[in-house]
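S.K.: Just one file: model.txt, with compact mmCIF, C-alpha atoms.
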```txt
# COMPACT_ATOMS: atom_id res chain seq x y z
CA MET U 1 -20.66 46.05 -23.09
CA PRO U 2 -24.36 45.73 -24.09
CA LYS U 3 -23.40 43.22 -26.80
CA LEU U 4 -21.49 41.12 -24.25
CA TYR U 5 -24.53 41.21 -21.94
CA ILE U 6 -26.83 40.06 -24.73
CA ARG U 7 -24.52 37.17 -25.63
CA ALA U 8 -24.27 36.06 -22.01
CA LEU U 9 -28.05 36.18 -21.70
CA SER U 10 -28.47 34.07 -24.84
CA LEU U 11 -26.08 31.48 -23.42
CA VAL U 12 -28.00 31.36 -20.13
CA ILE U 13 -31.18 30.59 -22.05
CA TRP U 14 -29.51 27.55 -23.67
CA ILE U 15 -28.11 26.13 -20.40
CA PRO U 16 -31.26 24.16 -19.45
CA ALA U 17 -31.54 22.82 -22.98
CA ILE U 18 -28.01 21.46 -22.87
CA LEU U 19 -27.93 20.12 -19.32
CA CYS U 20 -31.26 18.32 -19.19
CA GLY U 21 -34.39 17.39 -21.10
CA VAL U 22 -33.20 15.23 -24.04
CA ILE U 23 -30.53 12.52 -24.04
CA THR U 24 -29.03 10.68 -27.02
CA GLU U 25 -25.73 9.17 -28.13
CA GLY U 26 -23.07 11.67 -29.13
CA GLU U 27 -21.16 9.68 -31.81
CA TYR U 28 -22.25 7.32 -34.58
CA SER U 29 -20.08 5.64 -37.22
CA VAL U 30 -22.00 4.11 -40.12
CA LEU U 31 -20.84 2.34 -43.24
CA GLU U 32 -21.70 4.04 -46.46
CA GLY U 33 -25.00 2.82 -47.87
CA GLN U 34 -26.30 1.53 -44.54
CA SER U 35 -28.89 2.87 -42.08
CA VAL U 36 -28.77 4.22 -38.55
CA VAL U 37 -31.44 4.42 -35.85
CA LEU U 38 -31.09 7.08 -33.16
CA PRO U 39 -33.24 7.05 -29.98
CA CYS U 40 -33.77 10.41 -28.27
CA HIS U 41 -35.03 10.18 -24.66
CA TYR U 42 -36.91 13.06 -23.04
CA GLU U 43 -38.39 13.99 -19.64
CA PRO U 44 -42.07 13.29 -18.79
CA GLN U 45 -43.02 16.99 -18.86
CA TYR U 46 -42.27 17.05 -22.61
CA GLU U 47 -44.55 14.13 -23.48
CA HIS U 48 -47.02 16.16 -25.56
CA TYR U 49 -44.53 18.57 -27.10
CA VAL U 50 -43.47 18.49 -30.75
CA LYS U 51 -40.19 16.69 -31.42
CA TYR U 52 -37.93 17.24 -34.42
CA TRP U 53 -34.71 16.14 -36.09
CA CYS U 54 -32.52 18.64 -37.91
CA ARG U 55 -29.02 19.02 -39.28
CA GLY U 56 -26.78 21.74 -37.89
CA THR U 57 -24.83 22.90 -34.85
CA THR U 58 -27.34 25.45 -33.49
CA ARG U 59 -31.11 25.59 -33.41
CA ASP U 60 -31.25 28.85 -35.34
CA PHE U 61 -29.22 27.42 -38.20
CA CYS U 62 -30.58 23.89 -38.25
CA SER U 63 -32.29 22.39 -41.32
CA ILE U 64 -35.40 20.48 -40.28
CA LEU U 65 -35.41 16.93 -41.63
CA ALA U 66 -38.35 15.46 -39.69
CA ARG U 67 -41.05 16.60 -37.22
CA THR U 68 -43.58 14.60 -35.22
CA ASP U 69 -46.42 17.04 -36.00
CA ASP U 70 -45.83 16.88 -39.78
CA LEU U 71 -44.61 13.54 -41.03
CA ARG U 72 -44.50 14.90 -44.58
CA ALA U 73 -41.56 17.05 -43.54
CA SER U 74 -39.47 13.88 -43.41
CA ASN U 75 -37.33 14.39 -46.48
CA SER U 76 -40.11 13.35 -48.79
CA ALA U 77 -37.83 13.56 -51.86
CA ASN U 78 -36.16 10.22 -51.24
CA ASN U 79 -37.85 9.09 -47.98
CA ARG U 80 -34.53 8.53 -46.24
CA VAL U 81 -35.43 10.11 -42.88
CA SER U 82 -38.34 9.19 -40.60
CA ILE U 83 -39.35 10.02 -37.03
CA SER U 84 -41.73 8.40 -34.54
CA ASP U 85 -42.67 9.27 -30.94
CA ASP U 86 -43.34 6.63 -28.27
CA MET U 87 -44.95 8.58 -25.42
CA ALA U 88 -45.30 5.47 -23.27
CA GLN U 89 -41.52 4.97 -23.27
CA LEU U 90 -40.73 8.72 -23.40
CA VAL U 91 -38.51 8.37 -26.47
CA PHE U 92 -38.71 9.49 -30.07
CA THR U 93 -36.76 7.60 -32.72
CA VAL U 94 -35.07 8.88 -35.87
CA THR U 95 -34.16 6.55 -38.75
CA MET U 96 -31.80 7.57 -41.56
CA LYS U 97 -31.42 5.18 -44.51
CA ASN U 98 -28.85 4.73 -47.26
CA LEU U 99 -26.33 7.07 -45.72
CA GLN U 100 -23.70 8.57 -47.99
CA LYS U 101 -20.43 10.39 -47.40
CA GLY U 102 -22.20 13.72 -47.69
CA ASP U 103 -24.43 12.87 -44.71
CA THR U 104 -21.50 13.13 -42.32
CA GLY U 105 -22.01 15.99 -39.85
CA TRP U 106 -23.78 17.26 -36.70
CA TYR U 107 -27.47 16.69 -36.02
CA ILE U 108 -29.92 17.80 -33.34
CA CYS U 109 -32.82 15.91 -31.80
CA GLY U 110 -34.94 18.45 -29.96
CA VAL U 111 -38.19 19.23 -28.21
CA GLU U 112 -39.91 22.39 -29.45
CA ILE U 113 -40.87 24.64 -26.52
CA GLY U 114 -42.32 27.47 -28.62
CA SER U 115 -41.41 30.35 -26.30
CA ILE U 116 -39.16 33.35 -26.77
CA TRP U 117 -38.09 33.11 -23.12
CA ARG U 118 -37.26 29.43 -23.15
CA ALA U 119 -35.06 27.71 -25.68
CA ASP U 120 -35.88 24.35 -27.16
CA VAL U 121 -34.63 21.30 -25.29
CA VAL U 122 -32.03 19.65 -27.54
CA SER U 123 -29.26 17.07 -27.74
CA PHE U 124 -26.44 16.84 -30.30
CA SER U 125 -25.15 13.85 -32.28
CA ASN U 126 -22.25 13.54 -34.69
CA ILE U 127 -22.70 11.04 -37.51
CA ARG U 128 -19.71 9.84 -39.51
CA VAL U 129 -20.31 7.92 -42.71
CA ILE U 130 -17.30 5.78 -43.58
CA ASP U 131 -16.40 3.41 -46.36
CA GLY U 132 -14.92 0.00 -45.61
CA MET U 133 -16.07 -3.08 -43.74
CA SER U 134 -17.50 -4.12 -40.39
CA VAL U 135 -18.84 -7.29 -38.80
CA VAL U 136 -22.03 -7.90 -36.88
CA ASN U 137 -20.15 -9.82 -34.15
CA THR U 138 -16.40 -9.77 -33.65
CA GLN U 139 -16.62 -13.07 -31.72
CA VAL U 140 -18.84 -16.04 -32.51
CA THR U 141 -19.15 -19.33 -30.64
CA GLY U 142 -20.29 -22.71 -31.93
CA GLU U 143 -20.53 -26.25 -30.61
CA GLU U 144 -18.39 -29.04 -31.97
CA GLY U 145 -20.16 -30.75 -34.86
CA ARG U 146 -22.52 -27.84 -35.49
CA SER U 147 -22.36 -24.67 -37.61
CA VAL U 148 -21.65 -21.00 -36.97
CA THR U 149 -22.26 -17.94 -39.19
CA VAL U 150 -20.21 -14.76 -39.59
CA GLU U 151 -21.76 -11.67 -41.23
CA CYS U 152 -19.33 -9.21 -42.81
CA LEU U 153 -20.77 -5.83 -43.88
CA TYR U 154 -19.25 -3.61 -46.57
CA SER U 155 -20.00 -0.15 -47.93
CA ASP U 156 -21.47 0.62 -51.34
CA ARG U 157 -18.20 1.29 -53.08
CA TYR U 158 -17.11 -2.32 -52.43
CA ARG U 159 -20.28 -3.85 -53.82
CA GLU U 160 -18.51 -5.04 -56.98
CA SER U 161 -15.23 -5.90 -55.27
CA ARG U 162 -13.91 -9.41 -54.79
CA LYS U 163 -14.47 -10.73 -51.26
CA LYS U 164 -11.95 -12.84 -49.38
CA TRP U 165 -12.18 -15.14 -46.33
CA CYS U 166 -8.91 -16.20 -44.70
CA ARG U 167 -7.68 -17.84 -41.55
CA SER U 168 -5.27 -15.54 -39.75
CA GLY U 169 -1.67 -16.70 -40.25
CA ASP U 170 -2.56 -18.93 -43.21
CA TRP U 171 -2.87 -16.45 -46.09
CA SER U 172 -2.11 -19.03 -48.78
CA HIS U 173 -5.45 -20.80 -48.33
CA CYS U 174 -7.92 -17.92 -48.59
CA LEU U 175 -11.29 -18.39 -50.24
CA LEU U 176 -12.06 -15.81 -52.95
CA THR U 177 -15.53 -14.99 -54.32
CA ASP U 178 -16.47 -12.46 -56.93
CA ALA U 179 -19.37 -10.04 -56.45
CA GLY U 180 -22.65 -11.85 -56.18
CA GLU U 181 -21.08 -15.30 -56.33
CA SER U 182 -21.17 -18.06 -53.75
CA TYR U 183 -18.95 -20.95 -52.72
CA GLU U 184 -19.63 -24.11 -50.73
CA ASP U 185 -17.82 -27.29 -49.75
CA ALA U 186 -18.02 -29.77 -46.88
CA SER U 187 -16.70 -27.33 -44.28
CA VAL U 188 -17.67 -23.81 -45.38
CA ALA U 189 -20.36 -21.92 -47.30
CA ILE U 190 -19.89 -18.33 -48.58
CA SER U 191 -22.45 -16.02 -50.19
CA ASP U 192 -22.56 -12.35 -51.24
CA ASP U 193 -25.91 -10.58 -51.59
CA ARG U 194 -24.31 -7.67 -53.55
CA ILE U 195 -26.08 -5.21 -51.28
CA ARG U 196 -23.95 -4.95 -48.17
CA THR U 197 -23.57 -8.41 -46.56
CA TYR U 198 -20.94 -11.07 -47.10
CA THR U 199 -21.93 -14.22 -45.18
CA VAL U 200 -19.61 -17.07 -44.17
CA THR U 201 -20.92 -20.27 -42.56
CA LEU U 202 -18.48 -22.75 -41.01
CA LYS U 203 -20.02 -26.24 -41.01
CA LYS U 204 -19.30 -29.37 -38.98
CA LEU U 205 -17.10 -27.48 -36.57
CA GLN U 206 -14.09 -29.17 -35.03
CA LEU U 207 -12.03 -28.06 -32.07
CA ARG U 208 -9.11 -27.20 -34.35
CA ASP U 209 -11.30 -24.61 -36.11
CA THR U 210 -10.92 -22.31 -33.09
CA GLY U 211 -8.93 -19.21 -34.05
CA TRP U 212 -8.92 -15.80 -35.75
CA TYR U 213 -10.26 -15.22 -39.25
CA THR U 214 -10.51 -12.17 -41.56
CA CYS U 215 -13.09 -11.13 -44.10
CA SER U 216 -11.99 -8.46 -46.57
CA ALA U 217 -13.30 -6.40 -49.45
CA GLY U 218 -10.87 -4.34 -51.46
CA LYS U 219 -8.24 -2.99 -49.11
CA HIS U 220 -10.38 -3.20 -45.97
CA LYS U 221 -10.26 -6.13 -43.54
CA MET U 222 -12.13 -7.10 -40.40
CA SER U 223 -11.01 -9.73 -37.89
CA VAL U 224 -13.37 -12.25 -36.31
CA GLN U 225 -12.66 -14.75 -33.54
CA VAL U 226 -14.28 -18.17 -33.79
CA LEU U 227 -14.58 -20.28 -30.64
CA VAL U 228 -15.53 -23.97 -30.79
CA THR U 229 -16.77 -25.59 -27.59
CA PRO U 230 -16.55 -29.37 -26.99
CA ARG U 231 -19.65 -31.43 -27.57
CA PRO U 232 -21.28 -32.40 -24.23
CA LYS U 233 -20.79 -36.06 -23.41
CA ASP U 234 -23.93 -38.11 -22.91
CA THR U 235 -23.80 -39.74 -19.48
CA LEU U 236 -25.52 -43.11 -19.87
CA SER U 237 -25.90 -45.12 -16.67
CA VAL U 238 -25.38 -48.88 -17.25
CA THR U 239 -27.38 -51.05 -14.83
CA SER U 240 -27.53 -54.84 -14.65
CA THR U 241 -30.92 -56.47 -15.01
CA PRO U 242 -31.63 -58.81 -12.06
CA ALA U 243 -33.10 -62.27 -12.58
CA PRO U 244 -36.88 -62.30 -12.34
CA SER U 245 -37.88 -63.39 -8.84
CA GLN U 246 -40.09 -62.24 -6.05
CA CYS U 247 -37.15 -61.28 -3.86
CA ASN U 248 -35.60 -59.07 -6.49
CA ALA U 249 -38.83 -57.58 -7.70
CA TYR U 250 -38.47 -53.86 -7.84
CA VAL U 251 -41.35 -51.72 -6.81
CA PRO U 252 -40.93 -48.10 -7.81
CA ALA U 253 -41.21 -45.78 -4.89
CA LYS U 254 -44.22 -43.58 -4.92
CA PRO U 255 -43.55 -39.91 -4.54
CA ILE U 256 -44.35 -38.62 -1.10
CA SER U 257 -47.05 -36.04 -1.17
CA LYS U 258 -48.89 -34.09 1.45
CA GLU U 259 -52.06 -36.13 0.86
CA SER U 260 -50.35 -39.52 1.40
CA THR U 261 -48.60 -38.26 4.56
CA HIS U 262 -51.88 -36.95 5.92
CA SER U 263 -53.71 -40.24 5.23
CA HIS U 264 -50.86 -42.20 6.88
CA HIS U 265 -51.15 -40.10 10.03
CA LEU U 266 -54.95 -40.51 10.02
CA GLU U 267 -54.67 -44.30 9.78
CA SER U 268 -52.18 -44.42 12.68
CA TRP U 269 -54.46 -42.26 14.82
CA LEU U 270 -57.49 -44.49 14.09
CA VAL U 271 -55.58 -47.66 15.00
CA CYS U 272 -54.36 -46.17 18.29
CA SER U 273 -57.86 -44.92 19.12
CA ALA U 274 -59.34 -48.37 18.44
CA ILE U 275 -56.77 -50.04 20.72
CA VAL U 276 -57.43 -47.58 23.55
CA LEU U 277 -61.18 -48.01 23.13
CA LEU U 278 -60.94 -51.83 23.25
CA LEU U 279 -58.70 -51.63 26.33
CA GLY U 280 -61.21 -49.36 28.07
CA VAL U 281 -64.10 -51.68 27.21
CA ALA U 282 -62.13 -54.68 28.55
CA ILE U 283 -61.37 -52.91 31.85
CA PHE U 284 -64.97 -51.75 32.24
CA GLY U 285 -66.30 -55.26 31.52
CA ARG U 286 -63.96 -56.77 34.07
CA LYS U 287 -65.08 -54.30 36.72
CA LEU U 288 -68.73 -55.00 35.96
CA TRP U 289 -68.14 -58.74 36.14
CA LYS U 290 -66.48 -58.43 39.54
CA VAL U 291 -69.42 -56.48 40.88
CA HIS U 292 -71.97 -59.18 39.93
CA ASN U 293 -69.81 -62.25 40.82
CA PRO U 294 -70.31 -63.47 44.51
CA LYS U 295 -66.84 -65.00 44.64
CA TYR U 296 -65.17 -61.66 44.04
CA GLN U 297 -67.53 -60.00 46.53
CA PHE U 298 -66.23 -62.41 49.09
CA ILE U 299 -62.60 -61.72 48.22
CA GLU U 300 -62.99 -57.94 48.28
CA GLN U 301 -64.40 -58.16 51.85
CA GLY U 302 -61.00 -59.24 53.16
CA SER U 303 -60.26 -62.96 52.95
CA ALA U 304 -59.45 -65.66 50.51
CA PRO U 305 -61.43 -68.86 50.05
CA GLY U 306 -58.82 -71.04 51.72
CA GLN U 307 -58.64 -69.03 54.93
CA GLY U 308 -61.98 -70.03 56.60
CA LYS U 309 -60.60 -72.33 59.27
CA ASP U 310 -57.90 -69.91 60.21
CA ASN U 311 -60.46 -67.20 60.72
CA ILE U 312 -62.60 -69.46 62.95
CA SER U 313 -59.61 -70.34 65.02
CA LYS U 314 -58.74 -66.69 65.36
CA LEU U 315 -62.26 -65.93 66.53
CA ASN U 316 -62.13 -68.67 69.17
CA LYS U 317 -59.15 -66.98 70.78
CA TYR U 318 -61.29 -64.11 71.89
CA PRO U 319 -63.67 -65.05 74.72
CA ARG U 320 -67.03 -63.54 74.55
CA ASP U 321 -70.10 -63.46 76.73
CA VAL U 322 -73.34 -65.17 75.93
CA SER U 323 -74.88 -61.82 75.41
CA ASP U 324 -72.31 -61.04 72.83
CA GLN U 325 -72.92 -64.28 71.06
CA GLN U 326 -76.56 -63.51 70.80
CA ASP U 327 -75.72 -60.65 68.52
CA THR U 328 -73.42 -62.78 66.45
CA THR U 329 -74.45 -63.73 62.99
CA VAL U 330 -73.17 -66.86 61.35
CA VAL U 331 -72.91 -66.88 57.62
CA PHE U 332 -72.37 -70.14 55.71
CA LEU U 333 -71.16 -70.08 52.15
CA ASN U 334 -71.39 -73.15 49.92
CA ARG U 335 -68.14 -73.92 48.10
CA ASP U 336 -67.46 -76.19 45.19
CA ASP U 337 -65.34 -78.48 47.39
CA ASN U 338 -68.34 -78.92 49.82
CA ARG U 339 -66.47 -77.14 52.60
CA ASP U 340 -68.12 -74.55 54.82
CA ASN U 341 -66.36 -71.46 55.95
CA ALA U 342 -67.92 -69.45 58.69
CA PHE U 343 -67.37 -65.83 59.49
CA LEU U 344 -68.71 -63.83 62.31
CA TYR U 345 -69.85 -60.29 61.79
```
How does this structure look as structure tokens?
M.R.:
Amino acid sequence: MPKLYIRALSLVIWIPAILCGVITEGEYSVLEGQSVVLPCHYEPQYEHYVKYWCRGTTRDFCSILARTDDLRASNSANNRVSISDDMAQLVFTVTMKNLQKGDTGWYICGVEIGSIWRADVVSFSNIRVIDGMSVVNTQVTGEEGRSVTVECLYSDRYRESRKKWCRSGDWSHCLLTDAGESYEDASVAISDDRIRTYTVTLKKLQLRDTGWYTCSAGKHKMSVQVLVTPRPKDTLSVTSTPAPSQCNAYVPAKPISKESTHSHHLESWLVCSAIVLLLGVAIFGRKLWKVHNPKYQFIEQGSAPGQGKDNISKLNKYPRDVSDQQDTTVVFLNRDDNRDNAFLY
């Protein structure tokens, strides 16, 4: 019973380390002889803690390969493992180079807590080193008339093997190259760097080049899909040139801007203001002229120039006494036609 209690307690201590704190990918498959980069993300509270990378399934039985507080601990024998901590991004990165079959296994990226009551915060990754081939992109796209490149990767054991490039379904026309050799013609170029990359470049692509292809080394093959897109057609607008004349003269339209619109409105306002001002001056001048012209004084008092005799006749209809006539005033106005009109006031 006490042993069971101790085991349960030890598992409880590891629960926080497993559920939270550090996150990384769980599975990696890498070709033999190649490298792998593993990012390990951690929580902000662990920013200044020591991070490490070790090989094993438990912290107690884990062989340290790299630590952030002692970079010399990074497998200094062959310098295949390195570690770096980016505190701004809250991630530390582990790089393993030139992986071999024996590197397959479980690894731990962890944050060292340094307490007997709290376990380290860790995350587990399983790395599998395989032999064979892979491609950088399983689908590549190129434009008609241009080129496209396919990169086929192979493991170390196929470094000296013959490489083959074929179109799927047409196995009788494959292109073979020995290790380190290259091949080139008008439509394709092939090269092998004898390290891990077998490169195929399809030139002057045509629409019929669309399809599936395979690159192989030894008994391993990888399929790649090549897509060729049509070349975009240039839309050229054909316009007739008019005969040179004033009527057909073309004046390019000026772009409308806020400044030109504002100046146009200002000019319109000034023109309208000038018209209103001139109209007001004309009306005022006419009024002033009427005031100082005797003819218009006469008209405004109630009669027209041709009505003098009628007014005299109207006045004669009303009999008046002599006394009344003594108070009567006779006004004579000289006219251009030498006629006198008399009015009684």
S.K.: Have a look at atom CA of Thr24 of chain U and atom CA of Ile127 of chain U and let me know their distance in Å, one decimal.
M.R.: 12.3 Å
S.K.: Record the distance separating atom CA of Asp178 of chain U and atom CA of Val148 of chain U, expressed in Å with one decimal.
M.R.: 22.3 Å
S.K.: Given the choices U:Trp289, U:Phe124, U:Trp53, U:Trp269, which gets closest to Met96 of chain U if the distance is worked out from only C-alpha atoms?
M.R.: U:Trp53
S.K.: So what do you get for atom CA of Asp70 of chain U versus atom CA of Gly110 of chain U, distance-wise?
M.R.: 14.7 Å
S.K.: I'd like to know which of U:Arg55, U:Arg157, U:Arg146, U:Arg286 is closest to Gln100 of chain U, using all atoms listed in the file.
M.R.: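 Result for the nearest residue to Gln100 of chain U: U:Arg157.
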S.K.: When you count all atoms listed in the file, which of these residues is closest to Gly33 of chain U: U:Val140, U:Cys62, U:Leu279, U:Leu99?
M.R.: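 Closest candidate: U:Leu99.
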S.K.: Which residues are near segment 180-191 of chain U? Cut-off 12 Å, all atoms listed in the file, ignore same chain within fewer than 3 positions. Put them as an NGL selection string.
M.R.: :U and (145-152 or 158-166 or 174-177 or 194-206 or 209 or 215)
S.K.: For Ser123 of chain U, which residue among U:Gln89, U:Thr95, U:Gln225, U:Thr58 is the nearest when counting all atoms listed in the file?
M.R.: U:Thr58
S.K.: Adding 4 Å on each side of the box along x, y and z that holds all listed atoms of segment 193-208 of chain U, could you give its centre and edge lengths in Å to one decimal, as AutoDock Vina command-line options?
M.R.:
```
--center_x -17.6 --center_y -17.2 --center_z -42.8 --size_x 25.0 --size_y 32.4 --size_z 29.5
```
S.K.: Would you kindly return, as a ChimeraX atom specification, each protein, DNA or RNA residue with an atom no farther than 12 Å from any atom of Asn98 of chain U, considering only C-alpha atoms and excluding same-chain residues fewer than 3 positions away?
M.R.: /U:30-37,78-81,95,101-103,129,155-156,195-196
